[in-house]
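Enquirer: Can you read through this structure? Questions will come right after.
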Amino acid sequence: MDSKKKKEDKDNQKSEIFASCSFSALGLHPSLCNQLQERLGFEGPTLVQAQAIPVILSGRHVLVNAATGTGKTVAYLAPIIHHLHSYPSRIDRENGTFALVLVPTRELCLQVYEILQKLLHRFHWIVPGYVMGGENRSKEKARLRKGISILVATPGRLLDHLKNTASFVHTNLRWIIFDEADRILELGFGKEIEEILDLLGSRQIGSVGNGNQVSSLSNFQGQNLLLSATLNEKVNHLAKISLENPVMIGLDDKKIQPDQSVDHIETAESDEDDGLGYSKVKNSSTGDYKLPAQLVQRYVKVPCGSRLAVLLSILKNLFEREASHKIVVFFSTCDAVDFHYSLLSEFCWSPNSQSEAEHTERFLRCNTLRLHGNMKQEDRRNTFQAFKTEKSALLLSTDIAARGLDFPKVRCIVQYDSPGEATEYVHRVGRTARLGEKGDSLLFLQPVEVDYLHDLEKHGVSLTEYPILKVLGSFPLYGQVYRARKFVSLDLHPWVLYLQRALESFILSEPRMNKLAQTAFCSWVRAYTAHRGDLKRIFMVKKLHLGHVSRSFGLKQQPSLVGQSFQNQSKKRKREGKQKGLSKQRKFTRKTRT
Ligand SMILES: Nc1ncnc2c1ncn2[C@@H]1O[C@H](COP(=O)(O)OP(=O)(O)OP(=O)(O)O)[C@@H](O)[C@H]1O
């Protein structure tokens, strides 16, 4: 491709993402515009920012439904800061909280807080803060007592403070933002959200605050914003109880010029009026998802028993091809993350060594990190920061990293365990190819699961096949390269066979690893049984060969042996679940899968 064509392509890509206007043309205060440029390095707004900022500035309730990595965070934070900065008299810490940003996970909480800190660098009187599960409650209470102007929070911990922290002033609350609302609801926080809305007096009518408002500061009414990738029943319900006559900002307005955007933005389409003045928003979850054009999406069809060896081979190939690489691999459970993390960090094998004693070289020589919801808060924080700053690293994660997290320069997303809903697929791949950058994604499927591709196609997502035999053929075995014929099954590929054998003997020789593998096997099967709705027909436990599943955890044991411990574990989890009074599904979703 000549350089002129390359430049043209780059310009086209840019105009798909960025608007042609400036931040100040959207009505933002000049010093905030400077801050966006100097602190965050943003030269101009993205399309979604150009659409959302003027509408949010106008005070309307808004529902934003836009593609991943398009800059939604600044789209809602900038107008809030603009308003707080423009109050006739400066706000004070004693005035308490003016804006509340609700997010589903702790990592997202920290991420939004970090952006806030940068944006507020020059506006020291507007104080950012966060409260979230896993943090020290009394320290949070002390911070709330001092006063936090813009508070980022996870729902459970916020509710706790609303009920138990008397010094938490929220009488001046003007904005409630639900970021990644669909995820908040999927994690089972619906009840908490309703309670929060009730406690804040913000249900339905959207008039925030309960008396004692600082009327001298502003006579502006409450404004709620909801950002969600999917508009399903639950999100519709939340929109209904929290938004008043909202403006809908969606993907279809992508091509609209920013200066015309307010006039052209669709208001929520009316399917039916519920008599409350709120029109039901059309469900777009069955429609096409818009994915970044530059994202290369592929799938690899792997028999269950060879999954582990193929995963390791692909990762080895990716890191050897490009030394500096950032890759995220998604697993269905916390236990699977722990097992693969230990395995990848410790497994030594060099295919050209003749004796066991010579296997001293780590199979995968990359910086490996892990992230899931059962880790200690401090470790979660460290991983999150490390993966942000590393130039080359491998992150093994549950879906905790699937939504909203913005890790710079991730080149490849591997979905080793299938995601379930197509939305989840879209969010996972959304961690790469952000804001016009290059990105690849690879979905692992067993031969019995390939119907999942049709499910994705229904949403306009189509994948091409990954050349796995070519990749496996690139590894020399005892000095020889084995070029498999097309019809050779992966199970019988010499490289896969040797690697599988090496993995099994390594795991067998390490009791700790063996235990991790068994636990991971059990929760993997549990997660497989948890697929819902139509997906149950694709991911059928009945079709699984448990012996092959064991092999995919490097286990040599008979499945019945492992199955026994699986049953014991299930019973134990049920007992614990009852004791803690959590519903089975909520506990499973929050504890095991994230
Ligand atoms: N105007 C801009 N110019 C340049 N970079 C920007 C701009 N706005 C946002 N970004 C960067 O784009 C990336 C994605 O932003 P953000 O995380 O807000 O996207 P998002 O739409 O919320 O993504 P997701 O749907 O995955 O949560 C971030 O790294 C952010 O710093």
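Ligands are numbered from 1 in the order shown, chains are lettered A, B, ... in the order of the structure tokens, and residues start at 1 in each chain.
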Determine, using only C-alpha atoms and all ligand atoms, which residues of chain A have any atom at most 10 Å from an atom of ligand 1, and tabulate each with its shortest atom pair and distance in Å to one decimal place, rows ordered by chain and then rising number, as a tab-separated table.
Expert:
```
residue	atom	partner	partner_atom_place_in_ligand_line	distance
A:Ile17	CA	ligand 1	2 (C)	9.1
A:Phe18	CA	ligand 1	1 (N)	7.1
A:Ala19	CA	ligand 1	1 (N)	8.7
A:Ser22	CA	ligand 1	1 (N)	9.4
A:Phe23	CA	ligand 1	1 (N)	8.4
A:Leu36	CA	ligand 1	1 (N)	8.0
A:Gln37	CA	ligand 1	3 (N)	8.5
A:Leu40	CA	ligand 1	31 (O)	6.9
A:Gly41	CA	ligand 1	4 (C)	6.7
A:Phe42	CA	ligand 1	3 (N)	3.9
A:Glu43	CA	ligand 1	3 (N)	5.9
A:Gly44	CA	ligand 1	1 (N)	5.1
A:Pro45	CA	ligand 1	1 (N)	3.8
A:Thr46	CA	ligand 1	1 (N)	4.7
A:Leu47	CA	ligand 1	1 (N)	8.5
A:Val48	CA	ligand 1	21 (O)	8.2
A:Gln49	CA	ligand 1	1 (N)	7.2
A:Ala50	CA	ligand 1	1 (N)	9.0
A:Val64	CA	ligand 1	21 (O)	9.9
A:Asn65	CA	ligand 1	25 (O)	9.1
A:Ala66	CA	ligand 1	21 (O)	6.8
A:Ala67	CA	ligand 1	25 (O)	5.9
A:Thr68	CA	ligand 1	25 (O)	3.2
A:Gly69	CA	ligand 1	23 (O)	3.4
A:Thr70	CA	ligand 1	21 (O)	3.8
A:Gly71	CA	ligand 1	18 (O)	3.4
A:Lys72	CA	ligand 1	21 (O)	4.0
A:Thr73	CA	ligand 1	18 (O)	3.8
A:Val74	CA	ligand 1	18 (O)	5.8
A:Ala75	CA	ligand 1	18 (O)	7.6
A:Tyr76	CA	ligand 1	18 (O)	9.3
A:Leu77	CA	ligand 1	18 (O)	9.7
A:Leu108	CA	ligand 1	27 (O)	8.7
A:Gln111	CA	ligand 1	17 (O)	8.5
A:Val112	CA	ligand 1	18 (O)	8.5
A:Ile115	CA	ligand 1	31 (O)	8.0
A:Asp179	CA	ligand 1	27 (O)	8.2
A:Glu180	CA	ligand 1	27 (O)	7.1
A:Leu227	CA	ligand 1	22 (O)	8.8
A:Ser228	CA	ligand 1	25 (O)	8.3
A:Ala229	CA	ligand 1	25 (O)	7.2
A:Ala401	CA	ligand 1	26 (O)	9.8
A:Ala402	CA	ligand 1	26 (O)	8.1
A:Arg403	CA	ligand 1	26 (O)	5.8
A:Gly404	CA	ligand 1	27 (O)	3.0
A:Leu405	CA	ligand 1	26 (O)	6.0
A:Asp406	CA	ligand 1	17 (O)	5.0
A:Phe407	CA	ligand 1	29 (O)	7.2
A:Pro408	CA	ligand 1	29 (O)	6.3
A:Lys409	CA	ligand 1	29 (O)	9.1
A:Val426	CA	ligand 1	26 (O)	9.6
A:His427	CA	ligand 1	26 (O)	6.8
A:Arg428	CA	ligand 1	26 (O)	8.7
A:Val429	CA	ligand 1	26 (O)	9.2
A:Gly430	CA	ligand 1	26 (O)	5.7
A:Arg431	CA	ligand 1	26 (O)	6.3
A:Thr432	CA	ligand 1	26 (O)	9.0
A:Arg434	CA	ligand 1	14 (C)	6.3
A:Leu435	CA	ligand 1	12 (O)	5.6
A:Gly436	CA	ligand 1	12 (O)	9.3
```
Enquirer: Taking the chain letters and numbering used in this document, name the residues of range 302-428 of chain A that DSSP puts in helix (DSSP H, G or I), as a ChimeraX atom specification.
Expert: /A:304-321,334-346,356-358,377-389,399-401,422-428
Enquirer: Which residue, A:Pro303, A:Pro467, A:Gly188, A:Pro351, has the smallest gap to Leu490 in chain A when you use only C-alpha atoms?
Expert: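 Using only C-alpha atoms, the shortest distance to Leu490 in chain A belongs to A:Pro303.
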Enquirer: List every residue of range 77-189 of chain A that has an atom at most 10 Å from any atom of range 240-248 of chain A, giving for each one its closest atom pair and the distance in Å to one decimal, counting only C-alpha atoms, sorted by chain and then by ascending residue number, as CSV.
Expert:
```
residue,atom,partner,partner_atom,distance
A:Ile176,CA,A:Ser242,CA,8.9
A:Ile177,CA,A:Ser242,CA,9.9
A:Phe178,CA,A:Ser242,CA,9.7
```
Enquirer: In Å, rounded to a single decimal, give me how far CA of Val328 in chain A is from CA of Val525 in chain A.
Expert: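 According to the coordinates, CA of Val525 in chain A and CA of Val328 in chain A are separated by 22.1 Å.
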Enquirer: Smallest atom-to-atom distance to Gly460 in chain A: which of A:Val496, A:Glu424, A:Leu291, A:Phe98, using only C-alpha atoms?
Expert: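 Checking each of A:Val496, A:Glu424, A:Leu291, A:Phe98 against Gly460 in chain A, counting only C-alpha atoms, the winner is A:Leu291.
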Enquirer: Ranking A:Asp379, A:Asp160, A:Asp399, A:Glu510 by minimum distance to Pro104 in chain A and counting only C-alpha atoms, which one comes first?
Expert: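 For Pro104 in chain A, the nearest of the given residues is A:Asp399.
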Enquirer: Between A:Met540, A:Leu499, A:Val296, A:Ile314, which has the minimum distance to Asn352 in chain A (counting only C-alpha atoms)?
Expert: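 Among the listed residues, the smallest separation from Asn352 in chain A belongs to A:Leu499.
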Enquirer: Give me the residues within 12 Å of Gln500 in chain A as a ChimeraX atom specification, counting only C-alpha atoms and dropping any in the same chain fewer than 4 places off.
Expert: /A:305-313,347,349,351,490-496,504-507,548,550-556
Enquirer: Which residues are close to range 56-59 of chain A, i.e. within 9 Å by only C-alpha atoms, leaving aside same-chain residues fewer than 5 positions away? Reply as a ChimeraX atom specification.
Expert: /A:27-28,75-76,79-80,82-83,220-223,225
Enquirer: Give me, as a ChimeraX atom specification, all polymer residues having an atom no more than 10 Å from His531 in chain A, counting only C-alpha atoms and skipping those fewer than 3 positions away in the same chain.
Expert: /A:419-421,526-528,534-541
Enquirer: Which residue out of A:Met132, A:Leu395, A:Ile327, A:Val414 has the minimum interatomic distance to Tyr341 in chain A when only C-alpha atoms are used?
Expert: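 Looking at the shortest contact to Tyr341 in chain A, the residue is A:Leu395.
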Enquirer: Of the residues A:Arg145, A:Val152, A:Thr360, A:Leu102, which is the one nearest to Ala166 in chain A, using only C-alpha atoms?
Expert: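 Looking only at the distances to Ala166 in chain A, the closest residue turns out to be A:Arg145.
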Enquirer: Go ahead and compute the interatomic distance for CA of Phe330 in chain A and CA of Leu477 in chain A, in Å to one decimal.
Expert: 28.8 Å
Enquirer: What separation in Å, quoted to one decimal, exists between CA of Thr333 in chain A and CA of Leu187 in chain A?
Expert: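 Atom-to-atom, CA of Thr333 in chain A and CA of Leu187 in chain A are spaced 14.4 Å apart.
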